[in-house]
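Everything below belongs to structure08.pdb, which stores PDB, C-alpha atoms and all ligand atoms.
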```pdb
MODEL        1
ATOM      1  CA  MET P   1     -10.564  23.684  -9.601  1.00  0.00           C
ATOM      2  CA  ALA P   2      -8.144  23.097 -12.463  1.00  0.00           C
ATOM      3  CA  ASP P   3      -5.447  20.453 -12.535  1.00  0.00           C
ATOM      4  CA  ALA P   4      -1.816  20.987 -13.590  1.00  0.00           C
ATOM      5  CA  ASN P   5      -2.782  20.686 -17.237  1.00  0.00           C
ATOM      6  CA  GLY P   6      -5.564  23.219 -16.983  1.00  0.00           C
ATOM      7  CA  GLY P   7      -8.347  20.662 -17.227  1.00  0.00           C
ATOM      8  CA  ALA P   8     -11.383  20.581 -15.011  1.00  0.00           C
ATOM      9  CA  GLU P   9     -11.491  17.996 -12.261  1.00  0.00           C
ATOM     10  CA  THR P  10     -14.551  15.785 -12.213  1.00  0.00           C
ATOM     11  CA  GLY P  11     -15.678  12.903 -10.018  1.00  0.00           C
ATOM     12  CA  THR P  12     -12.927  10.657  -8.697  1.00  0.00           C
ATOM     13  CA  SER P  13     -10.316  12.463 -10.843  1.00  0.00           C
ATOM     14  CA  THR P  14      -9.941  14.672  -7.763  1.00  0.00           C
ATOM     15  CA  CYS P  15      -8.547  11.615  -5.945  1.00  0.00           C
ATOM     16  CA  ALA P  16      -4.756  11.272  -6.164  1.00  0.00           C
ATOM     17  CA  PHE P  17      -4.972   7.481  -5.941  1.00  0.00           C
ATOM     18  CA  CYS P  18      -7.600   7.141  -8.659  1.00  0.00           C
ATOM     19  CA  GLU P  19      -5.628   9.565 -10.850  1.00  0.00           C
ATOM     20  CA  ALA P  20      -2.453   7.491 -10.429  1.00  0.00           C
ATOM     21  CA  ASP P  21      -4.221   4.249 -11.331  1.00  0.00           C
ATOM     22  CA  VAL P  22      -3.700   4.398 -15.094  1.00  0.00           C
ATOM     23  CA  ALA P  23      -2.669   1.731 -17.575  1.00  0.00           C
ATOM     24  CA  ASP P  24       0.848   3.106 -18.100  1.00  0.00           C
ATOM     25  CA  ALA P  25       1.474   3.908 -14.421  1.00  0.00           C
ATOM     26  CA  PRO P  26       5.031   3.322 -13.181  1.00  0.00           C
ATOM     27  CA  PRO P  27       5.748   0.107 -11.220  1.00  0.00           C
ATOM     28  CA  ARG P  28       5.610   1.925  -7.859  1.00  0.00           C
ATOM     29  CA  GLU P  29       1.870   2.420  -8.385  1.00  0.00           C
ATOM     30  CA  ARG P  30       1.221  -1.283  -8.814  1.00  0.00           C
ATOM     31  CA  ALA P  31       3.631  -3.553  -6.945  1.00  0.00           C
ATOM     32  CA  HIS P  32       0.893  -6.144  -6.766  1.00  0.00           C
ATOM     33  CA  ALA P  33      -2.739  -6.149  -7.824  1.00  0.00           C
ATOM     34  CA  THR P  34      -5.846  -8.295  -7.846  1.00  0.00           C
ATOM     35  CA  GLY P  35      -9.085  -7.384  -9.568  1.00  0.00           C
ATOM     36  CA  LEU P  36     -10.229  -5.602  -6.405  1.00  0.00           C
ATOM     37  CA  TRP P  37      -7.112  -4.257  -4.674  1.00  0.00           C
ATOM     38  CA  ARG P  38      -3.715  -2.854  -5.531  1.00  0.00           C
ATOM     39  CA  VAL P  39      -0.503  -2.382  -3.592  1.00  0.00           C
ATOM     40  CA  THR P  40       1.871   0.553  -4.099  1.00  0.00           C
ATOM     41  CA  ALA P  41       5.463   1.147  -2.984  1.00  0.00           C
ATOM     42  CA  HIS P  42       4.864   4.127  -0.712  1.00  0.00           C
ATOM     43  CA  ARG P  43       6.638   7.488  -0.837  1.00  0.00           C
ATOM     44  CA  SER P  44       8.442   6.848   2.446  1.00  0.00           C
ATOM     45  CA  ALA P  45      12.001   6.667   3.701  1.00  0.00           C
ATOM     46  CA  LEU P  46      11.352   3.154   5.001  1.00  0.00           C
ATOM     47  CA  PRO P  47      11.922   0.545   2.246  1.00  0.00           C
ATOM     48  CA  GLY P  48       9.069  -1.946   2.064  1.00  0.00           C
ATOM     49  CA  TRP P  49       6.357   0.458   3.221  1.00  0.00           C
ATOM     50  CA  MET P  50       3.311  -0.366   1.096  1.00  0.00           C
ATOM     51  CA  LEU P  51      -0.128   1.118   0.633  1.00  0.00           C
ATOM     52  CA  LEU P  52      -2.951  -1.366   0.098  1.00  0.00           C
ATOM     53  CA  MET P  53      -6.052   0.182  -1.456  1.00  0.00           C
ATOM     54  CA  PRO P  54      -9.256  -0.910  -3.169  1.00  0.00           C
ATOM     55  CA  GLN P  55      -9.276  -0.394  -6.945  1.00  0.00           C
ATOM     56  CA  ARG P  56     -12.644   1.261  -6.463  1.00  0.00           C
ATOM     57  CA  HIS P  57     -12.902   4.740  -4.957  1.00  0.00           C
ATOM     58  CA  VAL P  58     -14.191   3.919  -1.464  1.00  0.00           C
ATOM     59  CA  GLU P  59     -13.962   6.368   1.439  1.00  0.00           C
ATOM     60  CA  SER P  60     -14.983   4.124   4.342  1.00  0.00           C
ATOM     61  CA  LEU P  61     -14.359   0.499   5.227  1.00  0.00           C
ATOM     62  CA  ALA P  62     -18.122   0.316   5.737  1.00  0.00           C
ATOM     63  CA  ALA P  63     -18.507   0.720   1.960  1.00  0.00           C
ATOM     64  CA  LEU P  64     -16.447  -2.355   1.048  1.00  0.00           C
ATOM     65  CA  THR P  65     -18.333  -5.196  -0.595  1.00  0.00           C
ATOM     66  CA  PRO P  66     -18.241  -8.578   1.184  1.00  0.00           C
ATOM     67  CA  THR P  67     -15.893  -9.862  -1.540  1.00  0.00           C
ATOM     68  CA  GLU P  68     -13.519  -6.907  -1.126  1.00  0.00           C
ATOM     69  CA  ALA P  69     -13.603  -7.342   2.639  1.00  0.00           C
ATOM     70  CA  ALA P  70     -12.857 -11.055   2.416  1.00  0.00           C
ATOM     71  CA  GLU P  71      -9.929 -10.519   0.061  1.00  0.00           C
ATOM     72  CA  LEU P  72      -8.536  -7.822   2.349  1.00  0.00           C
ATOM     73  CA  GLY P  73      -7.710 -10.386   5.020  1.00  0.00           C
ATOM     74  CA  GLN P  74      -5.789 -12.537   2.555  1.00  0.00           C
ATOM     75  CA  LEU P  75      -3.877  -9.546   1.201  1.00  0.00           C
ATOM     76  CA  LEU P  76      -2.866  -8.351   4.666  1.00  0.00           C
ATOM     77  CA  ARG P  77      -1.394 -11.760   5.364  1.00  0.00           C
ATOM     78  CA  GLU P  78       0.383 -11.902   2.011  1.00  0.00           C
ATOM     79  CA  ALA P  79       1.870  -8.420   2.445  1.00  0.00           C
ATOM     80  CA  SER P  80       3.194  -9.465   5.821  1.00  0.00           C
ATOM     81  CA  VAL P  81       4.762 -12.576   4.301  1.00  0.00           C
ATOM     82  CA  VAL P  82       6.626 -10.240   1.929  1.00  0.00           C
ATOM     83  CA  HIS P  83       7.793  -8.098   4.856  1.00  0.00           C
ATOM     84  CA  VAL P  84       9.015 -11.070   6.858  1.00  0.00           C
ATOM     85  CA  ASP P  85      10.439 -13.270   4.089  1.00  0.00           C
ATOM     86  CA  GLU P  86      11.750 -10.645   1.656  1.00  0.00           C
ATOM     87  CA  PHE P  87      12.586  -7.664   3.892  1.00  0.00           C
ATOM     88  CA  GLY P  88      13.517  -9.551   7.052  1.00  0.00           C
ATOM     89  CA  ALA P  89      10.903  -7.766   9.155  1.00  0.00           C
ATOM     90  CA  GLN P  90       9.596  -9.221  12.403  1.00  0.00           C
ATOM     91  CA  LYS P  91       6.004  -8.322  11.576  1.00  0.00           C
ATOM     92  CA  THR P  92       3.825  -5.719   9.839  1.00  0.00           C
ATOM     93  CA  TYR P  93       2.359  -2.503  11.217  1.00  0.00           C
ATOM     94  CA  VAL P  94      -1.109  -1.708   9.794  1.00  0.00           C
ATOM     95  CA  MET P  95      -2.735   1.747   9.836  1.00  0.00           C
ATOM     96  CA  GLN P  96      -5.810   3.145   8.048  1.00  0.00           C
ATOM     97  CA  PHE P  97      -6.888   6.782   8.305  1.00  0.00           C
ATOM     98  CA  ALA P  98      -7.730   8.028   4.751  1.00  0.00           C
ATOM     99  CA  GLU P  99      -7.415  11.683   5.760  1.00  0.00           C
ATOM    100  CA  GLY P 100      -4.795  13.201   3.400  1.00  0.00           C
ATOM    101  CA  VAL P 101      -6.308  11.203   0.528  1.00  0.00           C
ATOM    102  CA  LYS P 102      -9.890  10.149   1.279  1.00  0.00           C
ATOM    103  CA  HIS P 103      -9.634   6.914  -0.737  1.00  0.00           C
ATOM    104  CA  VAL P 104      -9.335   4.028   1.753  1.00  0.00           C
ATOM    105  CA  HIS P 105      -5.715   2.881   2.038  1.00  0.00           C
ATOM    106  CA  PHE P 106      -3.901   0.743   4.536  1.00  0.00           C
ATOM    107  CA  SER P 107      -0.373   1.746   5.421  1.00  0.00           C
ATOM    108  CA  LEU P 108       1.632  -1.456   5.777  1.00  0.00           C
ATOM    109  CA  ALA P 109       5.001  -0.784   7.369  1.00  0.00           C
ATOM    110  CA  PRO P 110       7.641  -3.441   7.933  1.00  0.00           C
ATOM    111  CA  ARG P 111       8.519  -3.614  11.617  1.00  0.00           C
ATOM    112  CA  MET P 112      12.257  -4.202  11.393  1.00  0.00           C
ATOM    113  CA  ALA P 113      14.191  -5.740  14.293  1.00  0.00           C
ATOM    114  CA  ASP P 114      16.373  -2.637  14.557  1.00  0.00           C
ATOM    115  CA  LEU P 115      13.503  -0.123  14.474  1.00  0.00           C
ATOM    116  CA  PRO P 116      14.569   2.661  16.854  1.00  0.00           C
ATOM    117  CA  THR P 117      12.527   2.832  20.066  1.00  0.00           C
ATOM    118  CA  GLU P 118      11.373   6.376  19.273  1.00  0.00           C
ATOM    119  CA  ARG P 119       9.848   5.188  15.982  1.00  0.00           C
ATOM    120  CA  ARG P 120       7.876   2.232  17.279  1.00  0.00           C
ATOM    121  CA  GLY P 121       4.099   2.022  17.084  1.00  0.00           C
ATOM    122  CA  ALA P 122       2.283   4.930  15.418  1.00  0.00           C
ATOM    123  CA  LYS P 123       5.501   6.974  15.573  1.00  0.00           C
ATOM    124  CA  VAL P 124       6.745   4.916  12.623  1.00  0.00           C
ATOM    125  CA  SER P 125       5.014   7.634  10.538  1.00  0.00           C
ATOM    126  CA  ALA P 126       8.127   9.775  11.080  1.00  0.00           C
ATOM    127  CA  TYR P 127       9.641   7.866   8.136  1.00  0.00           C
ATOM    128  CA  ASN P 128       7.092   9.655   5.944  1.00  0.00           C
ATOM    129  CA  ALA P 129       6.954  13.003   7.702  1.00  0.00           C
ATOM    130  CA  GLU P 130      10.546  13.749   8.746  1.00  0.00           C
ATOM    131  CA  ASP P 131      12.953  11.813   6.522  1.00  0.00           C
ATOM    132  CA  GLU P 132      13.874  12.310   2.878  1.00  0.00           C
ATOM    133  CA  PRO P 133      11.625   9.932   0.914  1.00  0.00           C
ATOM    134  CA  LEU P 134      13.002   7.277  -1.381  1.00  0.00           C
ATOM    135  CA  SER P 135      13.363   8.373  -4.990  1.00  0.00           C
ATOM    136  CA  ASP P 136      10.817   7.319  -7.613  1.00  0.00           C
ATOM    137  CA  ALA P 137      13.478   5.019  -9.125  1.00  0.00           C
ATOM    138  CA  GLU P 138      14.060   3.369  -5.749  1.00  0.00           C
ATOM    139  CA  ARG P 139      10.321   2.959  -5.264  1.00  0.00           C
ATOM    140  CA  ASP P 140       9.984   1.353  -8.693  1.00  0.00           C
ATOM    141  CA  GLN P 141      12.782  -1.053  -7.804  1.00  0.00           C
ATOM    142  CA  LEU P 142      11.127  -1.886  -4.471  1.00  0.00           C
ATOM    143  CA  ALA P 143       7.792  -2.391  -6.214  1.00  0.00           C
ATOM    144  CA  ARG P 144       9.333  -4.955  -8.560  1.00  0.00           C
ATOM    145  CA  ARG P 145      10.923  -6.688  -5.581  1.00  0.00           C
ATOM    146  CA  ILE P 146       7.584  -6.751  -3.726  1.00  0.00           C
ATOM    147  CA  GLY P 147       5.811  -8.088  -6.817  1.00  0.00           C
ATOM    148  CA  ARG P 148       8.339 -10.888  -7.294  1.00  0.00           C
ATOM    149  CA  ALA P 149       8.185 -11.866  -3.606  1.00  0.00           C
ATOM    150  CA  TRP P 150       4.381 -11.779  -3.370  1.00  0.00           C
ATOM    151  CA  PRO P 151       3.143 -15.229  -2.237  1.00  0.00           C
ATOM    152  CA  ALA P 152       0.279 -17.149  -3.818  1.00  0.00           C
ATOM    153  CA  PRO P 153      -2.940 -17.027  -1.801  1.00  0.00           C
ATOM    154  CA  HIS P 154      -3.812 -20.067   0.280  1.00  0.00           C
ATOM    155  CA  PRO P 155      -6.182 -22.007  -1.989  1.00  0.00           C
ATOM    156  CA  ASN P 156      -8.197 -23.584   0.842  1.00  0.00           C
ATOM    157  CA  GLY P 157      -8.891 -20.999   3.478  1.00  0.00           C
ATOM    158  CA  ASP P 158      -7.243 -21.887   6.775  1.00  0.00           C
ATOM    159  CA  GLU P 159      -5.468 -25.017   5.546  1.00  0.00           C
ATOM    160  CA  GLN P 160      -1.725 -24.573   5.847  1.00  0.00           C
ATOM    161  CA  SER P 161       0.648 -26.621   3.757  1.00  0.00           C
TER     162      SER P 161
HETATM  163 ZN    ZN P 201      -9.942   7.299  -5.320  1.00  0.00          ZN
ENDMDL
END
```
Hey, can you dump this file as C-alpha cells for me?
Amino acid sequence: MADANGGAETGTSTCAFCEADVADAPPRERAHATGLWRVTAHRSALPGWMLLMPQRHVESLAALTPTEAAELGQLLREASVVHVDEFGAQKTYVMQFAEGVKHVHFSLAPRMADLPTERRGAKVSAYNAEDEPLSDAERDQLARRIGRAWPAPHPNGDEQS
C-alpha cells in the first residue's frame, strides 16, 4: 500500500499515531509529553478532549512495561486536574478501544456540568462522530493551553500537599 506521497508503508509507519509523532509536529500532536507517553488535543468538537498514548507502538494494555503502566496512573490524574482546574469540568471520562487506530490510546473527555443528558456516558463520543470538529488552529491553541495547565507530578506517591 502506498502513502499519499507514493512511498511504501513499512512497520509502524502504517500507524497514524506513530506517523504523526515527528519532531516538527504541530502543537496539537504534543500538548504534553513524558519520555513514555504523549497527550494530543483530539480532533473533536468538545474542547479539552485529549488522547493519551504511549510513545511506543503498543496495541494492547497487556504489552505495557511496568514503568509505562505505573506512569499511566499519574498521567490520568494529571489530565483530570487539567480538565477540572483549567476547563471547569466536574470530572474526566476515560475510554480505551484502539479499534480505528490500533495503537493504544485513552480518550480523555472533560465531563462538563452542562453536558446534555443524551451525551452522557459513552454517548459523549457523539462530539467526535456527529459534530463539526474543531479546526487544527483551535486544536493547537487548546494544546498550548493544556500544556501550560499541566500539573507537576506528585513527587512522593500518595502524599498530598
Ligand atoms: Zn503506533
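Proximity of P:Leu72, P:Ala23, P:Leu51, P:Ala109 to Gly121 (chain P), computed with all atoms listed in the file, is greatest for P:Ala109.
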Hey, what comes out of the PyMOL selection byres (((chain P and resi 124) around 12) and not hetatm) on this file? Could you write it as an mmCIF file with C-alpha atoms, keeping the file's coordinate frame?
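Written output follows (expr_35.cif):
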```
data_model
loop_
_atom_site.group_PDB
_atom_site.id
_atom_site.type_symbol
_atom_site.label_atom_id
_atom_site.label_comp_id
_atom_site.auth_asym_id
_atom_site.auth_seq_id
_atom_site.Cartn_x
_atom_site.Cartn_y
_atom_site.Cartn_z
ATOM 1 C CA SER P 44 8.442 6.848 2.446
ATOM 2 C CA ALA P 45 12.001 6.667 3.701
ATOM 3 C CA LEU P 46 11.352 3.154 5.001
ATOM 4 C CA TRP P 49 6.357 0.458 3.221
ATOM 5 C CA THR P 92 3.825 -5.719 9.839
ATOM 6 C CA TYR P 93 2.359 -2.503 11.217
ATOM 7 C CA VAL P 94 -1.109 -1.708 9.794
ATOM 8 C CA MET P 95 -2.735 1.747 9.836
ATOM 9 C CA SER P 107 -0.373 1.746 5.421
ATOM 10 C CA LEU P 108 1.632 -1.456 5.777
ATOM 11 C CA ALA P 109 5.001 -0.784 7.369
ATOM 12 C CA PRO P 110 7.641 -3.441 7.933
ATOM 13 C CA ARG P 111 8.519 -3.614 11.617
ATOM 14 C CA MET P 112 12.257 -4.202 11.393
ATOM 15 C CA LEU P 115 13.503 -0.123 14.474
ATOM 16 C CA PRO P 116 14.569 2.661 16.854
ATOM 17 C CA THR P 117 12.527 2.832 20.066
ATOM 18 C CA GLU P 118 11.373 6.376 19.273
ATOM 19 C CA ARG P 119 9.848 5.188 15.982
ATOM 20 C CA ARG P 120 7.876 2.232 17.279
ATOM 21 C CA GLY P 121 4.099 2.022 17.084
ATOM 22 C CA ALA P 122 2.283 4.930 15.418
ATOM 23 C CA LYS P 123 5.501 6.974 15.573
ATOM 24 C CA SER P 125 5.014 7.634 10.538
ATOM 25 C CA ALA P 126 8.127 9.775 11.080
ATOM 26 C CA TYR P 127 9.641 7.866 8.136
ATOM 27 C CA ASN P 128 7.092 9.655 5.944
ATOM 28 C CA ALA P 129 6.954 13.003 7.702
ATOM 29 C CA GLU P 130 10.546 13.749 8.746
ATOM 30 C CA ASP P 131 12.953 11.813 6.522
#
```
Item to check | Shell of 6 Å around ligand ZN 201 (chain P) (only C-alpha atoms and all ligand atoms), written as a ChimeraX atom specification | outcome: /P:12,15,17-18,57,103
Item to check | Given the PyMOL selection byres (((chain P and resi 139) around 10) and not hetatm), the residues it picks as a ChimeraX atom specification | outcome: /P:26-29,31,40-45,47-49,133-138,140-145
Next on the checklist: Report, in Å with one decimal, the straight-line distance from CA of Ala16 (chain P) to CA of Val58 (chain P).
Outcome noted: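 Result for CA of Ala16 (chain P) versus CA of Val58 (chain P): 12.9 Å, one decimal.
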Next on the checklist: Please expand the PyMOL selection byres (((chain P and resi 52) around 7) and not hetatm) into the concrete residues it hits in this file, giving the result as a PyMOL selection string.
Outcome noted: chain P and resi 37-40+50-51+53+105-107
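Between Pro66 (chain P) and the candidates P:Leu36, P:Val104, P:Ile146, P:Ala98, the tightest atom-to-atom separation, counting all atoms listed in the file, involves P:Leu36.
Take the candidates P:Thr65, P:Ser60, P:Thr34, P:Gln55 and check each one against Gly147 (chain P) using all atoms listed in the file; the shortest distance goes to P:Thr34.
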Checklist entry - For the atom pair CA of Arg77 (chain P) and CA of Asp24 (chain P), what is the interatomic distance in Å to one decimal place? => result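 Separation between CA of Arg77 (chain P) and CA of Asp24 (chain P): 27.9 Å.
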Item to check | Separation of CA of Glu71 (chain P) from CA of Ala33 (chain P), in Å and rounded to one decimal | outcome: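 Result for CA of Glu71 (chain P) versus CA of Ala33 (chain P): 11.5 Å, one decimal.
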Next on the checklist: Residues near Ala152 (chain P), anyone? I mean within 12 Å using all atoms listed in the file, not counting same-chain ones fewer than 4 positions away, as a list in words.
Outcome noted: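 Counting only the stated atoms, we get His32, Thr34, Gln74, Leu75, Arg77, Glu78, Ala79, Val81, Val82, Gly147, Arg148 and Asn156 of chain P.
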Please save C-alpha atoms of the selected residues as a JSON list (two decimals), in the frame of the given file.
```
[["chain", "number", "residue", "atom", "x", "y", "z"],
["P", 32, "HIS", "CA", 0.89, -6.14, -6.77],
["P", 34, "THR", "CA", -5.85, -8.30, -7.85],
["P", 74, "GLN", "CA", -5.79, -12.54, 2.56],
["P", 75, "LEU", "CA", -3.88, -9.55, 1.20],
["P", 77, "ARG", "CA", -1.39, -11.76, 5.36],
["P", 78, "GLU", "CA", 0.38, -11.90, 2.01],
["P", 79, "ALA", "CA", 1.87, -8.42, 2.44],
["P", 81, "VAL", "CA", 4.76, -12.58, 4.30],
["P", 82, "VAL", "CA", 6.63, -10.24, 1.93],
["P", 147, "GLY", "CA", 5.81, -8.09, -6.82],
["P", 148, "ARG", "CA", 8.34, -10.89, -7.29],
["P", 156, "ASN", "CA", -8.20, -23.58, 0.84]]
```
